[in-house]
Every structure is written in structure tokens, then in C-alpha cells.
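First the structure, in the form of C-alpha cells, and then the observations on it.
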Amino acid sequence: MLGIVRTRPPLAALLFLLSACAKSDERFAQELGDRDPFVRALAAIALAEQATDRTELLARALPVLLETVDRSELGLQAPAAAALARTGGRLAPALLDALARGEFMTLERRTAVLDALATAGEPAIPAVLDAMRGPDLERRRELGLVLARIGAPSVRPLVRVLTEDPDAAMRGAAALILGEIGAPARNAIAALVGALERDEGGVALAAAHALPRIDAGGTAVIPALEAARARSEPAVREAAAAGIARIQAARAASLRGQPEGDPRNRRGPEK
Amino acid sequence: MSARSRIPAVVLLALATGASAHGLARALANRVPLRAVQGTLLWVEVAALAAAVAVGALAFRRQLARDPPGAPCLRSLFVLLVAAWILFLALVQPFQRLWFDLALGFAAGTWSALSLAEDRLARLPRILRRTAGPALVVLAASFVLLEVSLRLVASLRPSPLLVRVGDAPRRTLERFRCKPGELRFGFPFNRGGHYDEEFGRKRPGERLVASIGDSFSVSAVPHAQHFTTVCEQALGATVANLGAPGIGPPEYLRLLVDEAMPLDPDAVVVCVFVGNDLSYADVEKDLPDPFLRGFLQRDSVLAWVLPGRLVRIARERGRAVVSPEKAESSLPAADPLLEEPSMSAEAFLRLETQRAREVCAIDPASLESFRDAMRSMKAAAGSARLVVMLIPDEFQVEDSLWEAVVAAAGTDLARDRPQALVRSLLEEEAIPCLDLLPALRAAPPLADGRRHVYHARDTHWNARGNRIAGEELARFLAPRLN
């Protein structure tokens with residue numbers, strides 16, 4: 001160190017400044033209460049960056065990040081949303097609470113919260129599943145999309161809900177989300193086939209919708225869908241027939257060399 | 001030369017070096033959030049500021065060693081500071097103290113570099129030194145003098161052209177303004193994103209009213225049924241409808257200054273919704289560094305905003321007023337009893353209860369921001385008559401909703417308190433006020449016993465409510481326009 005001071009004083013001075021000037025977590029936490037919203041916002045972004053293992057500080061930064069996402073006059077909306085996404089794993093329950101309390105929150109804030117939950121990935125799944133319970137269909141739908149965006153890590157918890165949950169609405173939602181996940185949810189096919197065979201009404205309908213989206217080739221699901229065409233509920237019969245038609249269309253397309261089976265491979269609008 | 005004459009140059013160079021070092025320290029102290037905000041640009045800034053400190057220190061040392069001592073280059077300092085000011089207005093907005101500290105560090109470093117290169121600059125062709133230097137000084141002085149004069153004129157003779165408004169409302173308006181040409185019930189938003197035909201500056205002999213509001217102005221009914229159209233027909237004068245959803249008094253002021261006053265209106269109607277326009281957070285109030293903000297926030301600098309306002313007036317003069325094709329479709333149900341609700345019953349009751357809790361218990365002290373906004377609007381309206389149209393919340397009009405809200409709130413609420421407070425406030429400010437509450441309450445109930453002047457579970461007026469409001473407004477404005 002002394003060598004650098006002797007041989008390269010400007011570099012030594014810069015290194016000294018770099019270490020001496022850096023603010024600590026506590027200093028940034030203190031700045032969360034500053035009267036200048038810009039200072040508050042920078043402090044919250046800093047904590048999301050550097051205090052990643054200090055949940056209590058992140059929880060204090062969360063309201064400021066949510067406020068900043070809404071304040072276009074600060075010019076920090078995008079960094080605040082990115083910081084929210086970084087905190088999502090640790091703060092999933094707090095984010096879900098903000099979502100539940102902020103019924104009339106702006107679209108920007110709502111999108112940022114949902115993005116943060118989706119970016120959080122696996123750690124957020126139990127809290128998201130828990131928050132999906134209840135009568136609010138809109139919340140269930142948007143949280144379901146969060147699980148679908150998380151993708152493969154959501155499959156096992158969703159299968160558990162599909163096979164074990166006593167709430168039929170939750171089982172139906174789980175089936176639909178598995179369908180949204182698509183091919184990465186292949187491990188859920190058996191559970192979905194079981195639901196299509198055993199469950200009633202909405203759950204069987206959701207399973208009939210989901211199966212062709214997961215197994216676009218249809219080898220594993222065609223027999224179950226064929227069997228479902230004989231069920232008493234018209235909606236389930238129709239969904240099964242539509243699923244079979246979808247699989248057949250995908251097969252025909254693949255014979256022509258077009259990657260059509262997985263909806264995410266399809267470029268044009270669905271026919 | 002004596003050692004004394006060295007002092008000014010040495011002190012100024014020390015200050016410049018200190019400013020650069022301060023900027024560098026601020027950048028380094030905030031490097032974690034700045035890296036997230038600016039990416040690699042942060043390290044370019046740090047390098048530039050470090051270079052500024054080094055150059056400042058070098059210039060300082062050289063000045064100390066110089067014999068005979070040089071005089072400080074005050075002209076270049078002045079030009080540089082004005083140039084930095086203009087660049088800050090052009091490139092670094094909105095104003096934040098941190099950006100100012102960094103910019104000052106760069107400017108100080110540039111001046112130190114100029115001081116260091118003084119001898120080289122002296123070797124430039126004589127003609128260049130004789131012309132460019134004084135020309136730059138004159139230009140910089142002109143800008144400063146223009147700003148000072150405009151502020152002086154604005155304080156002595158207030159004019160809508162010389163109003164200084166905050167920057168935050170402009171950004172809010174940009175965010176929420178409707179898209180020009182977008183159809184609402186088959187009627188397109190005009191070029192300004194307002195739910196009206198194209199409007200232009202008042203023509204000779206024309207009577208023009210500008211109405212400013214939030215989602216009530218954007219409308220939950222087709223244009224033909226909107227209260228401004230109803231008022232226009234009843235009044236026999238043009239009523240320009242300006243508004244955007246989700247805005248409040250600070251944005252109304254901005255709309256008044258930027259878009260209503262260029263139309264040269266005879267009267268300006270500010271539509272104040274009791275539900276959410278009274279106690280709002282004024283994001284620009286109590287911000288630190290008011291002096292610096294007054295000069296470095298783009299919208300506060302009159303020399304910067306005046307050309308734009310003059311251009312807007314000229315554009316409004318030349319604008320042809322055309323009526324769009326009226327192909328109103330997807331109309332809401334004509335029968336209020338058949339309207340489709342916009343919200344679930346639970347969400348609607350929650351919203352109304354929340355609003356009732358806030359506005360019925362409103363503290364008069366919390367209306368001070370609203371009072372300030374109204375005062376600014378009155379000043380900005382100049383010779384145009386400023387009036388306020390007070391829009392009640394639905395719980396104040398529908399008795400059954402009020403009962404549900406009171407039960408949900410679980411506390412005593414003074415139903416008409418906000419109107420009483422606002423009316424008295426506006427009386428003190430000598431601003432005429434049209435309170436629509438009595439007229440809307442006087443609407444005869446329909447078959448289910450409700451008045452149905454608001455769209456079902458939506459919080460905005462339906463055609464019936466718009467008609468009452470439009471007719472009341474016309475009655476209110478008629479004597480004030482003649």
C-alpha cells in the first residue's frame with residue numbers, strides 16, 4: 001500500500017477517496033427519511049444494491065422504492081423498478097401485502113411489484129401461492145401469471161396444489177397456470193390427467209385446457225382427452241375436443257416443417 | 001506586482017479545486033445508487049472529476065509559483081458559469097442537488113483548465129481574441145439580464161406569459177394525457193389529447209370558455225353528452241374542454257398556463273372534484289434548495305420558457321378549427337338503470353368509504369396547498385375570469401350509498417363539510433364558485449329510489465349527471481360572460 005502512495009500518489013488518492021467516501025448501509029438507511037425525495041430514492045436503490053442480506057433494511061427501503069416508481073419527476077422510475085426486482089426474493093410477502101392493500105395503485109407501481117415477484121423466482125412461490133387464496137379473482141389471475149413467468153420452478157408447488165389442495169378454485173387455477181407454463185411443465189402431465197379424470201367442473205375444464213399446451217405433440221395426453229370427450233359436462237367435452245384439434249393441427253404443422261405446437265413458437269395469431 | 005494581487009486568483013482557483021473535489025466526493029459517496037442509475041457513465045464522470053481536481057491543483061500551484069502573479073480570468077469564469085447554467089437547463093433535468101454538485105465540479109475543472117492554458121490562449125490570433133471573447137461575454141450577460149428583467153416585470157406586472165410553474169406537473173400530464181386521435185365512444189381526442197373538437201385561439205367576436213379538469217373532463221359519456229358540450233349549446237359560446245385523468249390542482253395550473261391561456265379565453269372553469277382534488281400531496285412543496293431550484297429548474301427560468309409560450313400562442317392563432325367525424329359507438333346504456341357497473345360492489349364501497357373518511361374529516365390546514373394552487377391560477381388567468389366548479393363525490397349525492405359508507409366507516413362523518421370549507425376558502429380568495437351539490441341532489445329519483453347521476457359504480461357522471469352539470473354551468477357563466 002505504501003508502495004503505491006510513493007510511486008503513484010494520484011492512484012493512491014483515488015483509492016483512498018473510493019474507500020473513505022462510500023456510505024454505509026446505516027447511512028443510506030438514515031437517508032430513507034430525508035425530506036428530499038431524490039435522496040430518499042437514491043438511498044433505497046443503494047440499499048437494494050448493497051444490503052441484499054439485511055431484510056430489515058430492505059423492508060424499510062420498500063415503501064420508498066414503491067413511491068419512486070410512481071414519481072416521474074425524480075427521473076428514477078426505471079432504476080427503482082429494477083431495485084424492486086432485486087429485492088423481490090426477500091420481500092415477497094411485503095410486496096404481496098403492498099399489492100393487496102394498494103387496490104387502486106397506478107399501473108406502473110402494480111407492474112413493478114408483479115415484475116419484482118416474477119424476478120424473485122423460486123423463493124417467492126410459497127408466498128404467491130398463499131396470496132392467491134381468497135375471493136379476489138383478479139388478484140388470483142395476476143399472481144397466476146407471476147407463477148407462469150417464474151416457469152419451471154413453479155411446477156412442483158403447483159402440482160402439489162393440484163393434487164392436494166381442498167379448494168377447487170385453487171386446483172383449477174393451478175391447472176391453468178401449468179398450462180401457461182407450457183412445455184417446461186411436462187412433469188405435471190400425470191397430475192393434470194388425474195385431475196381431468198377425477199375432478200369435477202372447473203378443475204377438469206382447466207386441466208383439459210392445460211394439457212395440450214404442455215404436451216403439444218399429444219402422445220401422453222390424447223388418451224385422457226379422448227376419454228374426457230365422453231364426460232357429462234359440455235364445457236369439459238368441448239375443451240377436450242378443442243385440445244385434440246389443437247394437437248392435431250400442431251402435428252400437421254410439424255409434418256410440414258412448421259414449429260407450431262408450442263404456442264410460444266408460433267409467430268402469427270392463433271387460428 | 002505585490003503578493004497581494006496574487007490573492008484573488010489563488011482564492012478562486014482554490015475554490016474551483018474545492019468544488020471539483022466536492023463533486024468527486026459526492027459521486028464516490030453515492031457510487032452504489034449512481035451505478036444503478038447511470039451504469040458505466042458514472043466512472044466517466046468520476047474520471048472527469050478526478051481530472052478536474054488534478055487540473056485545479058496544478059493551476060493553483062502554478063499560480064502560487066508565478067512571477068509576476070496573474071490576474072484571475074473573471075470574464076471566462078462568468079461566461080463559463082452562464083454556459084454551464086444553460087447546459088444544465090438543457091441537459092440535466094429535473095434539478096437535483098447531486099446533479100448540481102457534479103455539474104459545478106465539471107464547470108470548475110473547465111475553468112481551472114482555461115486558467116492553466118491562459119498563456120496558450122494568449123497566442124491565439126488577435127482578431128479571434130478581440131471578437132470571440134467580448135461576444136461571448138455579451139451573450140452571457142444578455143441571458144442573465146433577460147432573466148433578471150423578466151422576473152422584475154413578472155413581479156411588477158404579473159402576466160400569464162410570465163408565470164413560473166413547477167416541472168413535476170408537466171411530467172404528470174405527459175404521463176396521463178390521452179393519446180391524440182384515440183377514440184372514446186367513437187369520438188377522437190384532439191391534437192392536445194383533450195376530449196373535444198380541435199380548438200384554437202379565440203376569434204374576433206367569439207366568446208370562449210376554457211374548462212380544465214381530470215377524469216370528469218375525459219368523460220364517461222360520449223362527447224355529445226359531456227357537460228362542456230351541454231354547456232356550450234346552452235350558453236351559445238365555445239367551451240374548450242381540457243383535461244387528463246388522474247391529475248389535480250398542480251396539473252390544472254400547468255394546463256391553464258400552457259394550454260388554456262394561449263386560447264385567450266374570456267373565462268376559465270377549474271373543475272374541482274371533492275373526492276380527490278382537495279388534499280393532495282404537492283410534490284414540489286418544501287423541497288430543499290429553493291434558491292437553486294428557482295434558477296436551475298427549467299420551468300422556473302422565464303428566459304427559457306417564454307419563447308415556447310410565444311410560439312404556442314402563434315400556433316393557436318394559425319390553427320384551423322375543424323370538427324372531427326362524429327361516429328359515436330359503444331355508447332353506455334341510455335337508461336341509467338341498465339348501466340354496467342365499472343367496479344365490483346366491494347371495491348366501489350371501499351373506494352367511496354376511503355374518500356369519505358378523508359374528505360369529510362378534512363382539516364382546513366390541509367387545504368393550504370389547494371389555496372396556493374387557486375391563488376396561482378387566479379394570477380395566471382390574468383384578465384380572464386377564473387371560476388371553480390365544485391364536483392361532489394357520489395356518496396354526497398346518493399343517499400343509499402351514503403348510508404353504506406357511514407356503516408362501513410364506522411364513525412361520524414360530516415357529509416357536506418368539504419363544500420362548506422372550499423366555498424369559504426374561495427370566497428376569501430374572491431373566486432366565484434359553482435357548487436353542484438344542490439343541483440345534483442335535486443335530480444328526481446328513478447324507479448329504484450336512487451338519483452342515478454353517476455355511472456353505475458364508476459364514480460363519474462353518466463349522461464344524466466353531465467346534463468345537469470352542463471346546464472348549471474351555463475346558467476352560472478351566462479352573467480359572467482356578458
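Residue numbering restarts at 1 in every chain; chains get A, B, ... in the order shown in the C-alpha cells, and ligands count up from 1 in that same order.
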Quiz prompt | Residues within 8 Å of segment 239-248 of chain A, only C-alpha atoms, excluding chain neighbours under 5 positions, as an MDAnalysis selection string | solution = chainID A and resid 205 208:209 211:212 216:218 222 225:226 228:229 261
Could the residues of chain B that have an atom at most 9 Å from chain A be listed as CSV, each with its closest atom pair and the distance in Å to one decimal, counting only C-alpha atoms and ordered by chain and ascending residue number?
```
residue,atom,partner,partner_atom,distance
B:Leu24,CA,A:Leu17,CA,8.7
B:Ala25,CA,A:Cys21,CA,6.2
B:Arg26,CA,A:Cys21,CA,7.8
B:Ala27,CA,A:Cys21,CA,8.9
B:Leu28,CA,A:Cys21,CA,5.9
B:Ala29,CA,A:Ala22,CA,4.4
B:Asn30,CA,A:Ala22,CA,7.0
B:Arg31,CA,A:Ala22,CA,7.4
B:Val32,CA,A:Ala46,CA,5.5
B:Pro33,CA,A:Ala46,CA,4.5
B:Leu34,CA,A:Leu42,CA,7.7
B:Ala36,CA,A:Pro79,CA,6.2
B:Val37,CA,A:Pro79,CA,5.6
B:Ala50,CA,A:Leu14,CA,7.9
B:Ala54,CA,A:Pro10,CA,8.4
B:Gln93,CA,A:Gly75,CA,8.4
B:Pro94,CA,A:Glu73,CA,6.8
B:Phe95,CA,A:Leu74,CA,8.7
B:Gln96,CA,A:Phe38,CA,7.1
B:Arg97,CA,A:Phe38,CA,8.8
B:Leu98,CA,A:Val39,CA,8.6
B:Asp167,CA,A:Glu73,CA,7.3
B:Ala168,CA,A:Glu73,CA,4.9
B:Pro169,CA,A:Glu73,CA,8.2
B:Arg170,CA,A:Glu73,CA,8.7
B:Arg171,CA,A:Glu73,CA,6.1
B:Thr172,CA,A:Ser72,CA,6.9
B:Arg175,CA,A:Ser72,CA,8.1
B:Val283,CA,A:Glu73,CA,8.8
B:Asp286,CA,A:Arg35,CA,8.1
B:Leu287,CA,A:Asp36,CA,6.0
B:Pro288,CA,A:Asp36,CA,6.4
B:Ala347,CA,A:Glu103,CA,8.0
B:Leu351,CA,A:Phe104,CA,8.3
```
Exercise. Would you list the contacts of His452 of chain B as an MDAnalysis selection string, taking every protein, DNA or RNA residue within 9 Å and counting only C-alpha atoms, but skipping same-chain residues closer than 4 positions in sequence?
Key: chainID B and resid 336:337 398 443 445:446 456 461:462 464:465
Practice problem: Would you please give, as a ChimeraX atom specification, all residues of segment 166-324 of chain B that DSSP assigns to helix (DSSP H, G or I) based on the backbone? | Solution: /B:168-176,215-218,223-225,227-235,249-263,290-296,298-300,302-318
Between segment 81-115 of chain A and segment 125-147 of chain A, at 8 Å or less, what are the per-residue closest atom pairs and their distances in Å? Count only C-alpha atoms, order by chain and rising residue number, and return it as a Markdown table.
```
| residue | atom | partner | partner_atom | distance |
| --- | --- | --- | --- | --- |
| A:Ala92 | CA | A:Ala127 | CA | 6.5 |
| A:Pro93 | CA | A:Ala127 | CA | 5.9 |
| A:Leu96 | CA | A:Ala131 | CA | 7.0 |
| A:Leu114 | CA | A:Val146 | CA | 6.5 |
| A:Asp115 | CA | A:Val146 | CA | 7.7 |
```
Pull C-alpha atoms from the residues just selected and write them as a short mmCIF file (atom, residue, chain, number, x, y, z; two decimals), in the first residue's frame.
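So out-v6.cif came out as:
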```cif
data_model
loop_
_atom_site.label_atom_id
_atom_site.label_comp_id
_atom_site.auth_asym_id
_atom_site.auth_seq_id
_atom_site.Cartn_x
_atom_site.Cartn_y
_atom_site.Cartn_z
CA ALA A 92 -42.12 -11.30 -1.44
CA PRO A 93 -44.59 -11.18 1.50
CA LEU A 96 -47.78 -9.11 -1.85
CA LEU A 114 -45.53 -8.06 -10.23
CA ASP A 115 -42.22 -7.89 -12.14
#
```
Quiz item: Which one of A:Ala169, A:Ala183, A:Ala188, A:Ala81 sits closest to Asp215 of chain A if you count only C-alpha atoms?
Solution: A:Ala183
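Going from atom CA of Val269 of chain B over to atom CA of Ser369 of chain B, you cover 18.9 Å.
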Practice problem: Mind checking which residues fall within 12 Å of Pro166 of chain A, counting only C-alpha atoms, ignoring those fewer than 4 positions away in the same chain, and posting them as a PyMOL selection string? | Solution: chain A and resi 133+160-162+170-172+199+203
Same residues, N, CA and C atoms, saved as an mmCIF file, in the first residue's frame:
```cif
data_model
loop_
_atom_site.group_PDB
_atom_site.id
_atom_site.type_symbol
_atom_site.label_atom_id
_atom_site.label_comp_id
_atom_site.auth_asym_id
_atom_site.auth_seq_id
_atom_site.Cartn_x
_atom_site.Cartn_y
_atom_site.Cartn_z
ATOM 1 N N ARG A 133 -55.059 -17.323 -2.545
ATOM 2 C CA ARG A 133 -56.307 -17.801 -1.923
ATOM 3 C C ARG A 133 -57.219 -16.607 -1.664
ATOM 4 N N ARG A 160 -48.487 -29.876 -6.379
ATOM 5 C CA ARG A 160 -48.930 -30.176 -5.018
ATOM 6 C C ARG A 160 -50.313 -29.553 -4.775
ATOM 7 N N VAL A 161 -50.480 -28.317 -5.222
ATOM 8 C CA VAL A 161 -51.797 -27.670 -5.057
ATOM 9 C C VAL A 161 -52.848 -28.447 -5.840
ATOM 10 N N LEU A 162 -52.510 -28.842 -7.061
ATOM 11 C CA LEU A 162 -53.466 -29.530 -7.941
ATOM 12 C C LEU A 162 -53.917 -30.866 -7.342
ATOM 13 N N MET A 170 -58.545 -23.174 -6.219
ATOM 14 C CA MET A 170 -57.081 -23.170 -6.252
ATOM 15 C C MET A 170 -56.564 -24.275 -7.174
ATOM 16 N N ARG A 171 -57.219 -25.423 -7.136
ATOM 17 C CA ARG A 171 -56.781 -26.529 -8.009
ATOM 18 C C ARG A 171 -56.961 -26.135 -9.480
ATOM 19 N N GLY A 172 -58.089 -25.494 -9.779
ATOM 20 C CA GLY A 172 -58.343 -25.054 -11.156
ATOM 21 C C GLY A 172 -57.313 -24.020 -11.593
ATOM 22 N N ASP A 199 -61.446 -35.047 -11.188
ATOM 23 C CA ASP A 199 -62.038 -33.820 -10.645
ATOM 24 C C ASP A 199 -63.295 -33.434 -11.406
ATOM 25 N N VAL A 203 -62.132 -27.628 -12.425
ATOM 26 C CA VAL A 203 -60.779 -28.182 -12.370
ATOM 27 C C VAL A 203 -60.537 -29.058 -13.605
#
```
Self-check item: For Ala220 of chain B: contacts at 9 Å, only C-alpha atoms, fewer than 5 positions along chain excluded, given as a ChimeraX atom specification
Solution: /B:184-185,215,226,332,455,458,460-463
With C-alpha atoms retained, write the just-selected residues as a CSV table (one decimal), in the first residue's frame.
```csv
chain,number,residue,atom,x,y,z
B,184,ARG,CA,-63.6,7.3,-26.9
B,185,PHE,CA,-67.2,6.4,-27.6
B,215,SER,CA,-61.3,12.3,-15.5
B,226,HIS,CA,-70.4,15.7,-22.0
B,332,PRO,CA,-73.1,3.5,-22.5
B,455,HIS,CA,-72.5,6.0,-13.8
B,458,ASP,CA,-67.8,4.2,-11.5
B,460,HIS,CA,-68.0,9.6,-12.7
B,461,TRP,CA,-71.1,11.2,-14.1
B,462,ASN,CA,-73.4,9.5,-16.6
B,463,ALA,CA,-75.3,11.4,-19.2
```
